[in-house]
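Peer 1: Data file entry_5.cif (mmCIF, C-alpha atoms and all ligand atoms) is appended below.
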```
data_input
loop_
_atom_site.label_atom_id
_atom_site.label_comp_id
_atom_site.auth_asym_id
_atom_site.auth_seq_id
_atom_site.Cartn_x
_atom_site.Cartn_y
_atom_site.Cartn_z
CA MET A 353 -22.93 21.85 7.86
CA ARG A 354 -21.06 20.24 10.73
CA THR A 355 -19.21 16.98 11.31
CA GLN A 356 -16.70 15.61 13.78
CA VAL A 357 -13.95 14.73 11.29
CA ALA A 358 -13.79 16.35 7.85
CA ILE A 359 -11.87 14.04 5.52
CA ILE A 360 -10.36 15.54 2.37
CA GLY A 361 -9.83 12.88 -0.31
CA GLY A 362 -11.88 9.78 -1.04
CA GLY A 363 -9.01 7.47 -1.97
CA PRO A 364 -8.17 4.42 0.15
CA SER A 365 -6.88 6.43 3.16
CA GLY A 366 -9.90 8.71 3.40
CA LEU A 367 -12.45 5.95 2.85
CA LEU A 368 -10.83 3.53 5.29
CA LEU A 369 -10.54 6.19 7.99
CA SER A 370 -14.16 7.21 7.45
CA GLN A 371 -15.41 3.63 7.65
CA LEU A 372 -13.36 2.80 10.77
CA LEU A 373 -14.56 5.94 12.57
CA HIS A 374 -18.14 5.19 11.57
CA GLY A 375 -17.78 1.83 13.35
CA ARG A 376 -17.11 3.80 16.55
CA GLY A 377 -20.01 6.19 16.05
CA ILE A 378 -17.73 9.06 15.00
CA ASP A 379 -19.24 11.19 12.24
CA THR A 380 -17.25 12.07 9.12
CA VAL A 381 -17.78 13.85 5.81
CA VAL A 382 -15.55 12.81 2.90
CA LEU A 383 -14.84 15.40 0.18
CA GLU A 384 -13.49 13.95 -3.08
CA ARG A 385 -12.51 16.02 -6.09
CA GLN A 386 -12.99 13.29 -8.68
CA SER A 387 -15.94 11.12 -9.66
CA ARG A 388 -16.26 7.66 -8.20
CA ALA A 389 -15.61 6.10 -11.62
CA HIS A 390 -12.37 8.07 -11.92
CA VAL A 391 -11.12 6.92 -8.49
CA LEU A 392 -12.02 3.30 -9.31
CA GLY A 393 -10.35 3.53 -12.70
CA ARG A 394 -6.90 4.26 -11.25
CA ILE A 395 -4.81 1.09 -11.46
CA ARG A 396 -2.33 1.25 -8.63
CA ALA A 397 -1.29 -1.01 -5.77
CA GLY A 398 -2.01 -4.72 -5.53
CA VAL A 399 -0.10 -6.28 -2.63
CA LEU A 400 -1.62 -5.97 0.84
CA GLU A 401 0.15 -6.44 4.16
CA ARG A 402 -1.59 -8.32 6.96
CA GLY A 403 -2.06 -5.02 8.82
CA LEU A 404 -4.18 -3.57 6.02
CA VAL A 405 -6.27 -6.74 5.71
CA ASP A 406 -6.84 -6.64 9.51
CA LEU A 407 -7.94 -2.99 9.28
CA MET A 408 -10.36 -3.90 6.49
CA ILE A 409 -11.79 -6.66 8.69
CA GLU A 410 -12.12 -4.22 11.60
CA ALA A 411 -13.84 -1.76 9.27
CA GLY A 412 -16.37 -4.46 8.29
CA VAL A 413 -15.10 -4.73 4.71
CA GLY A 414 -12.97 -7.84 5.07
CA ASP A 415 -15.24 -10.47 3.53
CA ARG A 416 -14.24 -10.19 -0.11
CA VAL A 417 -10.51 -9.68 0.47
CA GLN A 418 -10.47 -12.81 2.64
CA ARG A 419 -12.44 -14.75 0.06
CA GLU A 420 -10.91 -13.51 -3.20
CA GLY A 421 -7.52 -12.16 -2.13
CA ILE A 422 -4.69 -14.49 -3.14
CA PRO A 423 -2.22 -15.30 -0.34
CA HIS A 424 1.38 -15.21 -1.55
CA ASP A 425 3.81 -17.10 0.65
CA GLY A 426 6.84 -15.73 -1.11
CA THR A 427 8.29 -13.87 -4.06
CA VAL A 428 10.88 -14.55 -6.71
CA ILE A 429 13.94 -12.43 -7.42
CA SER A 430 15.83 -12.89 -10.63
CA HIS A 431 19.01 -11.68 -12.23
CA GLY A 432 19.37 -12.69 -15.84
CA ASP A 433 18.24 -16.32 -15.97
CA GLU A 434 19.04 -16.98 -12.28
CA MET A 435 16.07 -17.08 -9.94
CA PHE A 436 15.67 -17.52 -6.21
CA ARG A 437 12.74 -17.35 -3.88
CA ILE A 438 12.20 -15.46 -0.63
CA ASP A 439 9.81 -17.54 1.46
CA PHE A 440 7.83 -14.99 3.49
CA THR A 441 5.78 -17.53 5.40
CA ALA A 442 8.75 -19.70 6.37
CA LEU A 443 10.82 -16.66 7.39
CA THR A 444 8.17 -14.52 9.12
CA GLY A 445 5.09 -16.71 9.60
CA GLN A 446 3.06 -14.40 7.34
CA PRO A 447 2.11 -14.22 3.67
CA VAL A 448 1.01 -11.09 1.80
CA THR A 449 -2.34 -10.84 0.01
CA VAL A 450 -2.71 -9.99 -3.66
CA TYR A 451 -5.86 -7.86 -4.02
CA GLY A 452 -6.10 -4.72 -6.13
CA GLN A 453 -6.34 -1.22 -4.71
CA THR A 454 -9.38 -0.73 -6.97
CA GLU A 455 -11.08 -3.61 -5.15
CA VAL A 456 -10.16 -2.19 -1.71
CA THR A 457 -11.69 1.12 -2.80
CA ARG A 458 -14.76 -0.56 -4.30
CA ASP A 459 -15.40 -2.46 -1.02
CA LEU A 460 -15.03 0.75 0.99
CA TYR A 461 -17.37 2.72 -1.29
CA ALA A 462 -19.99 -0.01 -0.98
CA ALA A 463 -19.70 -0.01 2.82
CA ARG A 464 -19.87 3.78 3.13
CA GLU A 465 -22.91 3.81 0.89
CA ALA A 466 -24.64 1.00 2.82
CA ALA A 467 -24.01 2.91 6.06
CA GLY A 468 -25.44 6.12 4.59
CA GLY A 469 -22.09 7.90 4.99
CA THR A 470 -21.66 11.38 3.54
CA LEU A 471 -19.24 11.21 0.63
CA MET A 472 -19.27 14.04 -1.88
CA HIS A 473 -17.73 13.69 -5.32
CA GLY A 474 -16.79 16.50 -7.66
CA VAL A 475 -15.96 19.03 -4.94
CA GLU A 476 -13.74 21.88 -6.11
CA SER A 477 -11.55 24.57 -4.54
CA VAL A 478 -11.28 22.90 -1.14
CA GLU A 479 -9.73 25.14 1.52
CA ILE A 480 -8.95 24.42 5.15
CA GLN A 481 -9.44 27.26 7.63
CA GLY A 482 -8.30 27.57 11.24
CA ALA A 483 -6.42 24.27 11.41
CA ASP A 484 -4.22 25.81 14.11
CA THR A 485 -7.27 26.78 16.22
CA ASP A 486 -9.84 24.72 18.14
CA THR A 487 -12.49 25.48 15.53
CA PRO A 488 -11.23 24.31 12.14
CA SER A 489 -13.44 24.27 9.08
CA VAL A 490 -13.34 23.37 5.42
CA SER A 491 -14.92 25.27 2.55
CA TYR A 492 -15.49 23.91 -0.95
CA THR A 493 -17.52 24.40 -4.08
CA LEU A 494 -20.11 21.82 -5.09
CA ASP A 495 -22.40 22.29 -8.09
CA GLY A 496 -21.31 25.92 -8.30
CA GLN A 497 -22.28 26.66 -4.67
CA ARG A 498 -19.71 27.58 -2.03
CA GLN A 499 -20.22 25.41 1.07
CA HIS A 500 -18.85 25.53 4.59
CA LEU A 501 -18.16 22.54 6.84
CA SER A 502 -17.29 23.05 10.55
CA CYS A 503 -15.55 20.20 12.31
CA ASP A 504 -13.40 19.14 15.26
CA PHE A 505 -10.57 17.76 13.12
CA VAL A 506 -9.46 17.67 9.49
CA ALA A 507 -7.86 14.55 7.99
CA GLY A 508 -5.81 15.41 4.91
CA CYS A 509 -6.08 12.20 2.86
CA ASP A 510 -5.84 13.97 -0.49
CA GLY A 511 -2.73 12.37 -1.93
CA PHE A 512 0.54 13.90 -3.09
CA HIS A 513 -1.07 16.67 -5.18
CA GLY A 514 -3.73 17.59 -2.62
CA ILE A 515 -4.13 20.87 -0.75
CA SER A 516 -3.81 19.61 2.83
CA ARG A 517 -0.03 19.46 3.02
CA LYS A 518 0.28 22.87 1.38
CA THR A 519 -2.08 24.32 4.02
CA ILE A 520 0.69 23.85 6.60
CA PRO A 521 2.88 26.96 6.44
CA GLU A 522 6.29 26.35 4.92
CA THR A 523 7.89 27.55 8.15
CA ALA A 524 6.13 24.76 10.04
CA ARG A 525 7.08 21.80 7.80
CA ARG A 526 10.16 20.15 6.35
CA GLU A 527 10.21 18.08 3.19
CA PHE A 528 12.66 15.34 2.28
CA GLU A 529 12.78 14.08 -1.28
CA LYS A 530 14.65 11.80 -3.64
CA VAL A 531 13.63 11.63 -7.30
CA TYR A 532 14.80 8.56 -9.25
CA PRO A 533 16.13 8.96 -12.81
CA PHE A 534 13.63 6.53 -14.39
CA GLY A 535 9.97 5.55 -14.34
CA TRP A 536 7.87 2.39 -14.52
CA LEU A 537 5.86 1.60 -17.60
CA GLY A 538 2.94 -0.57 -16.46
CA VAL A 539 0.60 -2.74 -18.53
CA LEU A 540 -2.57 -4.44 -17.32
CA SER A 541 -3.71 -7.37 -19.44
CA GLU A 542 -6.44 -9.98 -19.22
CA THR A 543 -3.97 -12.85 -19.35
CA PRO A 544 -2.93 -15.47 -16.78
CA PRO A 545 0.12 -14.41 -14.73
CA VAL A 546 3.43 -15.80 -15.98
CA HIS A 547 4.23 -17.21 -12.54
CA GLU A 548 2.20 -18.01 -9.43
CA GLU A 549 4.20 -15.47 -7.39
CA LEU A 550 5.57 -12.02 -8.23
CA ILE A 551 8.91 -11.93 -10.06
CA TYR A 552 11.19 -8.97 -9.35
CA ALA A 553 13.75 -8.99 -12.15
CA ASN A 554 17.09 -7.23 -12.17
CA SER A 555 18.46 -7.39 -15.70
CA GLU A 556 21.23 -5.74 -17.65
CA ARG A 557 18.50 -3.91 -19.60
CA GLY A 558 16.79 -2.61 -16.45
CA PHE A 559 14.22 -3.69 -13.91
CA ALA A 560 10.99 -5.61 -14.60
CA LEU A 561 8.18 -6.79 -12.37
CA CYS A 562 5.68 -9.55 -13.12
CA SER A 563 2.71 -8.96 -10.86
CA MET A 564 -0.97 -9.84 -10.95
CA ARG A 565 -4.42 -8.98 -9.69
CA ASN A 566 -6.12 -12.35 -10.15
CA ALA A 567 -5.89 -15.63 -12.11
CA ASN A 568 -6.72 -13.88 -15.39
CA LEU A 569 -5.48 -10.35 -14.79
CA SER A 570 -1.76 -9.64 -14.93
CA ARG A 571 0.14 -6.47 -14.16
CA TYR A 572 3.60 -6.12 -15.67
CA TYR A 573 6.10 -3.29 -15.36
CA ILE A 574 9.38 -2.40 -16.99
CA GLN A 575 11.78 0.32 -15.95
CA CYS A 576 11.65 3.06 -18.60
CA ARG A 577 13.15 6.46 -19.31
CA LEU A 578 11.63 9.45 -17.55
CA ASP A 579 10.83 11.10 -20.86
CA ASP A 580 9.10 8.00 -22.32
CA ARG A 581 5.36 8.30 -22.94
CA PRO A 582 2.93 5.33 -22.89
CA GLU A 583 2.04 6.02 -26.53
CA ASP A 584 5.72 5.54 -27.46
CA TRP A 585 5.34 1.89 -26.45
CA SER A 586 3.22 -0.40 -28.60
CA ASP A 587 1.97 -3.51 -26.83
CA SER A 588 4.35 -5.70 -28.83
CA ALA A 589 7.35 -3.48 -28.00
CA PHE A 590 6.40 -3.75 -24.32
CA TRP A 591 6.09 -7.56 -24.39
CA ASP A 592 9.37 -7.92 -26.31
CA GLU A 593 11.22 -5.80 -23.78
CA LEU A 594 9.65 -7.61 -20.82
CA ARG A 595 10.74 -10.96 -22.27
CA ARG A 596 14.34 -9.73 -22.53
CA ARG A 597 14.40 -8.83 -18.83
CA ILE A 598 12.97 -11.95 -17.19
CA PRO A 599 14.45 -15.48 -16.98
CA LYS A 600 14.24 -17.50 -20.18
CA PRO A 601 11.70 -20.16 -19.04
CA GLN A 602 9.27 -17.40 -17.98
CA ALA A 603 9.96 -15.37 -21.16
CA GLU A 604 9.07 -18.43 -23.21
CA SER A 605 5.89 -19.22 -21.31
CA LEU A 606 4.65 -15.60 -21.05
CA ILE A 607 1.11 -15.28 -22.38
CA THR A 608 0.55 -11.85 -23.86
CA GLY A 609 -2.59 -10.02 -24.89
CA PRO A 610 -3.83 -6.52 -25.59
CA SER A 611 -3.13 -4.01 -22.82
CA ILE A 612 -6.29 -2.79 -21.12
CA GLU A 613 -4.34 -0.06 -19.31
CA LYS A 614 -0.90 1.35 -19.97
CA SER A 615 0.69 4.11 -17.91
CA ILE A 616 4.00 5.49 -16.73
CA ALA A 617 4.68 6.31 -13.08
CA PRO A 618 7.73 8.32 -12.06
CA LEU A 619 9.55 7.03 -8.98
CA ARG A 620 9.96 9.24 -5.97
CA SER A 621 10.74 9.02 -2.26
CA PHE A 622 9.18 11.87 -0.29
CA VAL A 623 8.37 12.62 3.35
CA THR A 624 6.95 15.73 4.96
CA GLU A 625 7.37 16.37 8.68
CA PRO A 626 5.46 16.77 10.91
CA MET A 627 2.30 14.94 9.83
CA ARG A 628 0.16 17.07 12.12
CA TRP A 629 -0.41 20.79 12.28
CA GLY A 630 -2.89 21.83 14.98
CA ARG A 631 -6.09 19.98 14.16
CA LEU A 632 -5.01 18.95 10.67
CA PHE A 633 -3.58 15.43 10.26
CA LEU A 634 -1.91 14.25 7.06
CA CYS A 635 -2.47 10.65 6.08
CA GLY A 636 -1.09 8.48 3.26
CA ASP A 637 0.31 9.94 0.05
CA ALA A 638 -0.49 13.47 1.30
CA ALA A 639 2.48 13.04 3.66
CA HIS A 640 4.78 10.58 1.93
CA ILE A 641 5.54 8.76 -1.31
CA VAL A 642 7.64 5.66 -1.88
CA PRO A 643 8.82 4.12 -5.14
CA PRO A 644 6.46 1.16 -5.75
CA THR A 645 9.26 -1.45 -5.69
CA GLY A 646 8.54 -2.59 -2.13
CA ALA A 647 4.70 -2.43 -2.52
CA LYS A 648 4.55 -0.05 0.39
CA GLY A 649 2.50 3.00 -0.77
CA LEU A 650 -0.98 1.77 0.03
CA ASN A 651 0.24 -0.23 3.03
CA THR A 652 1.94 2.78 4.60
CA ALA A 653 -1.21 4.84 4.02
CA ALA A 654 -3.02 2.11 5.98
CA SER A 655 -0.61 2.29 8.91
CA ASP A 656 -1.19 6.07 9.12
CA VAL A 657 -4.93 5.39 9.17
CA HIS A 658 -4.38 2.91 12.00
CA TYR A 659 -2.57 5.50 14.16
CA LEU A 660 -5.00 8.31 13.37
CA TYR A 661 -8.11 6.18 13.83
CA ASN A 662 -6.90 4.95 17.20
CA GLY A 663 -5.90 8.46 18.27
CA LEU A 664 -9.31 9.89 17.36
CA ARG A 665 -11.11 6.94 18.95
CA GLN A 666 -9.18 7.50 22.19
CA PHE A 667 -10.05 11.21 22.04
CA TYR A 668 -13.79 10.71 21.52
CA GLU A 669 -14.27 7.63 23.67
CA ASP A 670 -11.93 8.32 26.60
CA GLY A 671 -11.31 12.08 26.34
CA ASP A 672 -7.62 11.24 26.01
CA SER A 673 -5.47 13.30 23.58
CA GLU A 674 -2.33 11.16 23.88
CA GLY A 675 -2.96 9.27 20.60
CA ILE A 676 -3.55 12.35 18.48
CA ASN A 677 -0.71 14.22 20.16
CA ARG A 678 1.69 11.40 19.31
CA TYR A 679 0.20 10.67 15.86
CA SER A 680 2.94 12.35 13.84
CA GLU A 681 5.77 10.82 15.85
CA LYS A 682 4.35 7.28 15.72
CA ALA A 683 3.36 7.41 12.05
CA LEU A 684 6.71 8.88 10.98
CA ALA A 685 8.72 6.25 12.85
CA ARG A 686 7.11 3.59 10.66
CA VAL A 687 7.05 5.75 7.51
CA TRP A 688 10.82 6.21 7.58
CA LYS A 689 11.38 2.47 7.90
CA THR A 690 9.19 1.79 4.85
CA GLU A 691 10.98 4.62 3.02
CA ARG A 692 14.29 2.94 3.82
CA PHE A 693 13.10 -0.45 2.60
CA SER A 694 11.57 0.92 -0.61
CA TRP A 695 14.75 2.91 -1.34
CA TRP A 696 16.98 -0.10 -0.64
CA PHE A 697 14.93 -2.47 -2.81
CA SER A 698 14.72 0.07 -5.64
CA LYS A 699 18.48 0.63 -5.49
CA LEU A 700 19.08 -3.12 -5.56
CA MET A 701 16.85 -3.89 -8.54
CA HIS A 702 17.23 -1.02 -11.06
CA ARG A 703 19.90 0.02 -13.54
CA PHE A 704 20.75 3.64 -12.80
CA PRO A 705 21.77 5.69 -15.85
CA ASP A 706 24.88 7.00 -14.09
CA GLN A 707 25.77 3.70 -12.42
CA SER A 708 29.49 2.98 -12.53
CA GLU A 709 30.86 -0.51 -13.19
CA PHE A 710 31.94 -0.60 -9.55
CA GLU A 711 28.41 0.18 -8.33
CA HIS A 712 26.99 -2.42 -10.68
CA LYS A 713 29.34 -5.10 -9.28
CA ILE A 714 28.34 -4.13 -5.72
CA GLN A 715 24.67 -4.46 -6.72
CA LEU A 716 25.25 -7.96 -8.11
CA ALA A 717 27.17 -8.95 -4.99
CA GLU A 718 24.27 -7.78 -2.85
CA ILE A 719 21.78 -9.82 -4.88
CA ASP A 720 24.06 -12.85 -4.48
CA PHE A 721 24.27 -12.22 -0.75
CA LEU A 722 20.48 -12.03 -0.54
CA ARG A 723 20.23 -15.28 -2.53
CA SER A 724 22.51 -17.15 -0.17
CA ASN A 725 22.03 -15.58 3.27
CA THR A 726 19.08 -16.44 5.48
CA ALA A 727 19.52 -13.39 7.73
CA ALA A 728 19.39 -11.07 4.71
CA GLN A 729 16.32 -12.89 3.39
CA THR A 730 14.62 -12.64 6.78
CA ALA A 731 15.22 -8.89 6.95
CA MET A 732 13.83 -8.51 3.43
CA ALA A 733 10.80 -10.71 4.20
CA GLN A 734 10.01 -8.89 7.46
CA ASN A 735 9.94 -5.58 5.64
CA TYR A 736 7.97 -6.90 2.67
CA VAL A 737 5.18 -8.52 4.71
CA GLY A 738 5.01 -5.35 6.79
CA LEU A 739 6.61 -4.12 9.99
CA PRO A 740 4.32 -4.23 13.03
CA TYR A 741 2.17 -1.16 13.77
C1 LIG B 801 0.55 5.36 -10.85
C2 LIG B 801 0.68 4.81 -9.45
C3 LIG B 801 0.98 3.47 -9.25
C4 LIG B 801 1.09 2.96 -7.97
N1 LIG B 801 1.43 1.66 -7.80
C5 LIG B 801 1.55 1.17 -6.55
C6 LIG B 801 1.91 -0.18 -6.32
O1 LIG B 801 2.10 -0.95 -7.24
N2 LIG B 801 2.04 -0.60 -5.03
C7 LIG B 801 1.82 0.24 -3.96
O2 LIG B 801 1.91 -0.18 -2.80
N3 LIG B 801 1.50 1.51 -4.15
C8 LIG B 801 1.36 1.99 -5.41
N4 LIG B 801 1.03 3.27 -5.59
C9 LIG B 801 0.81 4.07 -4.41
C10 LIG B 801 -0.59 3.88 -3.85
O3 LIG B 801 -1.51 3.80 -4.90
C11 LIG B 801 -0.87 5.05 -2.93
O4 LIG B 801 0.07 4.99 -1.87
C12 LIG B 801 -2.28 5.07 -2.37
O5 LIG B 801 -3.21 5.35 -3.38
C13 LIG B 801 -2.39 6.12 -1.27
O6 LIG B 801 -3.73 6.31 -0.93
P1 LIG B 801 -4.22 7.74 -0.46
O7 LIG B 801 -5.67 7.56 -0.17
O8 LIG B 801 -3.33 8.24 0.62
O9 LIG B 801 -3.99 8.69 -1.71
P2 LIG B 801 -4.72 8.68 -3.16
O10 LIG B 801 -5.01 7.30 -3.58
O11 LIG B 801 -3.89 9.55 -4.00
O12 LIG B 801 -6.09 9.37 -2.86
C14 LIG B 801 -6.21 10.76 -2.64
C15 LIG B 801 -7.57 11.20 -3.08
O13 LIG B 801 -7.71 12.59 -2.82
C16 LIG B 801 -8.34 13.21 -3.92
N5 LIG B 801 -7.95 14.62 -3.92
C17 LIG B 801 -6.76 15.15 -4.29
N6 LIG B 801 -6.79 16.48 -4.14
C18 LIG B 801 -8.00 16.80 -3.65
C19 LIG B 801 -8.61 18.02 -3.29
N7 LIG B 801 -7.96 19.18 -3.41
N8 LIG B 801 -9.87 17.99 -2.84
C20 LIG B 801 -10.55 16.82 -2.70
N9 LIG B 801 -10.01 15.62 -3.04
C21 LIG B 801 -8.76 15.62 -3.51
C22 LIG B 801 -7.84 12.44 -5.12
O14 LIG B 801 -8.71 12.55 -6.22
C23 LIG B 801 -7.77 11.02 -4.57
O15 LIG B 801 -8.96 10.30 -4.80
C24 LIG B 801 0.91 3.81 -6.86
C25 LIG B 801 0.61 5.15 -7.05
C26 LIG B 801 0.50 5.66 -8.32
C27 LIG B 801 0.20 7.13 -8.51
#
```
What is this file in structure tokens?

Peer 2:
Amino acid sequence: MRTQVAIIGGGPSGLLLSQLLHGRGIDTVVLERQSRAHVLGRIRAGVLERGLVDLMIEAGVGDRVQREGIPHDGTVISHGDEMFRIDFTALTGQPVTVYGQTEVTRDLYAAREAAGGTLMHGVESVEIQGADTDTPSVSYTLDGQRQHLSCDFVAGCDGFHGISRKTIPETARREFEKVYPFGWLGVLSETPPVHEELIYANSERGFALCSMRNANLSRYYIQCRLDDRPEDWSDSAFWDELRRRIPKPQAESLITGPSIEKSIAPLRSFVTEPMRWGRLFLCGDAAHIVPPTGAKGLNTAASDVHYLYNGLRQFYEDGDSEGINRYSEKALARVWKTERFSWWFSKLMHRFPDQSEFEHKIQLAEIDFLRSNTAAQTAMAQNYVGLPY
């Protein structure tokens, strides 16, 4: 079998890249380890930057997100019972769009299917060969048969635990990592959101986030211990703890219901450099991870896709290698800025187990500064709505 771009991983990065390249007549094969139902069942991101919505429109999958996505002109930050709002639209001219990652993926699957794209689920033992030569290839096992796929380029869109990053020899890559000493316990419930915008809550008991997917689907998180397990938290224990961490009026008006999903995500900052090795390009979580506080994971995956798509388009349409040669440099320049923002916002909003009283006072002073200073709010808003590509 042969294709122009072999894409490993059928998550949002791989699907979006495949669909964008298809629009330019560039052939791809997507190899996904899991079933489609499994990929669609993963409850993850929910806040989209304008850049990702624009890419979806360019990929021909923008109808539903423009129709059903909920524009958010701002967000609320609270400490104890004090709340203030950061007005994204007033400060930057742009809102963000609330639309679940599952929906982004669903739209992309539908489009790939309608276009007759080759997307294989349930592939095992994927290996990349010859990425540092002009004739790379990928082998994999499907239905017990070993298969071989020759290609011009390989896009490693296979997430943090994928094989693409590990294909790059250790001597050719550097990894930078910060692991946070807590996790996020998330609950999805078929209840109306407690507030029309997201609430990021810094409380003496730890961080909480009130988020949503639509008018009757809420996503709530509380900071938890790293060794907590979802089964340690009954629904009522979760709701009680959430109420203690958000301002009183919201705690009193919170509508609770049975959780339809409950999971714990550890928080990590991670970057690998470079994001290209020969004809292998890393994209999205395969190359970097952010703590979810700034809603940047999916959005940063999208900005990688933007740079790689345009680089490959330039290569195939104009015979120009400039875009792919500069892919790693351009993607990383933006990645590090989103890493910085996600780290800063996480540091501002969480209680750290080893936090001294001094550090806690500094944190509160910074929240107060953000509350009262337009320049600080503008910097926050610019980062949250998404830095330009
Ligand atoms: C629990 C959790 C919660 C999150 N919450 C948020 C959030 O609230 N906000 C936010 O912005 N971001 C969030 N993120 C991050 C966001 O979901 C990711 O940044 C986004 O999914 C990245 O997309 P991706 O396509 O690069 O990687 P993934 O979505 O990880 O997709 C990679 C795909 O590759 C497949 N794969 C892996 N290995 C192989 C292999 N060897 N062969 C073939 N296929 C393979 C996987 O099955 C997967 O489908 C969250 C992430 C997690 C894990």

Peer 1: Between CA of Phe633 in chain A and CA of Val413 in chain A, what is the distance in Å, rounded to a tenth?

Peer 2: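 For CA of Phe633 in chain A relative to CA of Val413 in chain A, the distance reads 23.9 Å.
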
Peer 1: Ranking A:Leu594, A:Val399, A:Leu372, A:Ala560 by minimum distance to ligand LIG 801 (chain B) and counting all atoms listed in the file, which one comes first?

Peer 2: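 Closest to ligand LIG 801 (chain B) of all the choices is A:Val399.
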
Peer 1: Would you mind listing the residues within 8 Å of ligand LIG 801 (chain B), counting all atoms listed in the file, as a VMD selection string?

Peer 2: chain A and resid 360 to 367 383 to 386 391 394 to 400 453 474 to 479 509 to 516 615 to 618 635 to 638 641 to 653

Peer 1: The selected residues should be written to file as a PDB file, in the frame of the given file (atoms: C-alpha atoms).

Peer 2:
```pdb
ATOM      1  CA  ILE A 360     -10.360  15.540   2.370  1.00  0.00           C
ATOM      2  CA  GLY A 361      -9.830  12.880  -0.310  1.00  0.00           C
ATOM      3  CA  GLY A 362     -11.880   9.780  -1.040  1.00  0.00           C
ATOM      4  CA  GLY A 363      -9.010   7.470  -1.970  1.00  0.00           C
ATOM      5  CA  PRO A 364      -8.170   4.420   0.150  1.00  0.00           C
ATOM      6  CA  SER A 365      -6.880   6.430   3.160  1.00  0.00           C
ATOM      7  CA  GLY A 366      -9.900   8.710   3.400  1.00  0.00           C
ATOM      8  CA  LEU A 367     -12.450   5.950   2.850  1.00  0.00           C
ATOM      9  CA  LEU A 383     -14.840  15.400   0.180  1.00  0.00           C
ATOM     10  CA  GLU A 384     -13.490  13.950  -3.080  1.00  0.00           C
ATOM     11  CA  ARG A 385     -12.510  16.020  -6.090  1.00  0.00           C
ATOM     12  CA  GLN A 386     -12.990  13.290  -8.680  1.00  0.00           C
ATOM     13  CA  VAL A 391     -11.120   6.920  -8.490  1.00  0.00           C
ATOM     14  CA  ARG A 394      -6.900   4.260 -11.250  1.00  0.00           C
ATOM     15  CA  ILE A 395      -4.810   1.090 -11.460  1.00  0.00           C
ATOM     16  CA  ARG A 396      -2.330   1.250  -8.630  1.00  0.00           C
ATOM     17  CA  ALA A 397      -1.290  -1.010  -5.770  1.00  0.00           C
ATOM     18  CA  GLY A 398      -2.010  -4.720  -5.530  1.00  0.00           C
ATOM     19  CA  VAL A 399      -0.100  -6.280  -2.630  1.00  0.00           C
ATOM     20  CA  LEU A 400      -1.620  -5.970   0.840  1.00  0.00           C
ATOM     21  CA  GLN A 453      -6.340  -1.220  -4.710  1.00  0.00           C
ATOM     22  CA  GLY A 474     -16.790  16.500  -7.660  1.00  0.00           C
ATOM     23  CA  VAL A 475     -15.960  19.030  -4.940  1.00  0.00           C
ATOM     24  CA  GLU A 476     -13.740  21.880  -6.110  1.00  0.00           C
ATOM     25  CA  SER A 477     -11.550  24.570  -4.540  1.00  0.00           C
ATOM     26  CA  VAL A 478     -11.280  22.900  -1.140  1.00  0.00           C
ATOM     27  CA  GLU A 479      -9.730  25.140   1.520  1.00  0.00           C
ATOM     28  CA  CYS A 509      -6.080  12.200   2.860  1.00  0.00           C
ATOM     29  CA  ASP A 510      -5.840  13.970  -0.490  1.00  0.00           C
ATOM     30  CA  GLY A 511      -2.730  12.370  -1.930  1.00  0.00           C
ATOM     31  CA  PHE A 512       0.540  13.900  -3.090  1.00  0.00           C
ATOM     32  CA  HIS A 513      -1.070  16.670  -5.180  1.00  0.00           C
ATOM     33  CA  GLY A 514      -3.730  17.590  -2.620  1.00  0.00           C
ATOM     34  CA  ILE A 515      -4.130  20.870  -0.750  1.00  0.00           C
ATOM     35  CA  SER A 516      -3.810  19.610   2.830  1.00  0.00           C
ATOM     36  CA  SER A 615       0.690   4.110 -17.910  1.00  0.00           C
ATOM     37  CA  ILE A 616       4.000   5.490 -16.730  1.00  0.00           C
ATOM     38  CA  ALA A 617       4.680   6.310 -13.080  1.00  0.00           C
ATOM     39  CA  PRO A 618       7.730   8.320 -12.060  1.00  0.00           C
ATOM     40  CA  CYS A 635      -2.470  10.650   6.080  1.00  0.00           C
ATOM     41  CA  GLY A 636      -1.090   8.480   3.260  1.00  0.00           C
ATOM     42  CA  ASP A 637       0.310   9.940   0.050  1.00  0.00           C
ATOM     43  CA  ALA A 638      -0.490  13.470   1.300  1.00  0.00           C
ATOM     44  CA  ILE A 641       5.540   8.760  -1.310  1.00  0.00           C
ATOM     45  CA  VAL A 642       7.640   5.660  -1.880  1.00  0.00           C
ATOM     46  CA  PRO A 643       8.820   4.120  -5.140  1.00  0.00           C
ATOM     47  CA  PRO A 644       6.460   1.160  -5.750  1.00  0.00           C
ATOM     48  CA  THR A 645       9.260  -1.450  -5.690  1.00  0.00           C
ATOM     49  CA  GLY A 646       8.540  -2.590  -2.130  1.00  0.00           C
ATOM     50  CA  ALA A 647       4.700  -2.430  -2.520  1.00  0.00           C
ATOM     51  CA  LYS A 648       4.550  -0.050   0.390  1.00  0.00           C
ATOM     52  CA  GLY A 649       2.500   3.000  -0.770  1.00  0.00           C
ATOM     53  CA  LEU A 650      -0.980   1.770   0.030  1.00  0.00           C
ATOM     54  CA  ASN A 651       0.240  -0.230   3.030  1.00  0.00           C
ATOM     55  CA  THR A 652       1.940   2.780   4.600  1.00  0.00           C
ATOM     56  CA  ALA A 653      -1.210   4.840   4.020  1.00  0.00           C
TER      57      ALA A 653
END
```

Peer 1: Would you mind reading off the distance between CA of Thr523 in chain A and CA of Leu664 in chain A, one decimal, in Å?

Peer 2: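 Between these atoms lies a distance of 26.3 Å.
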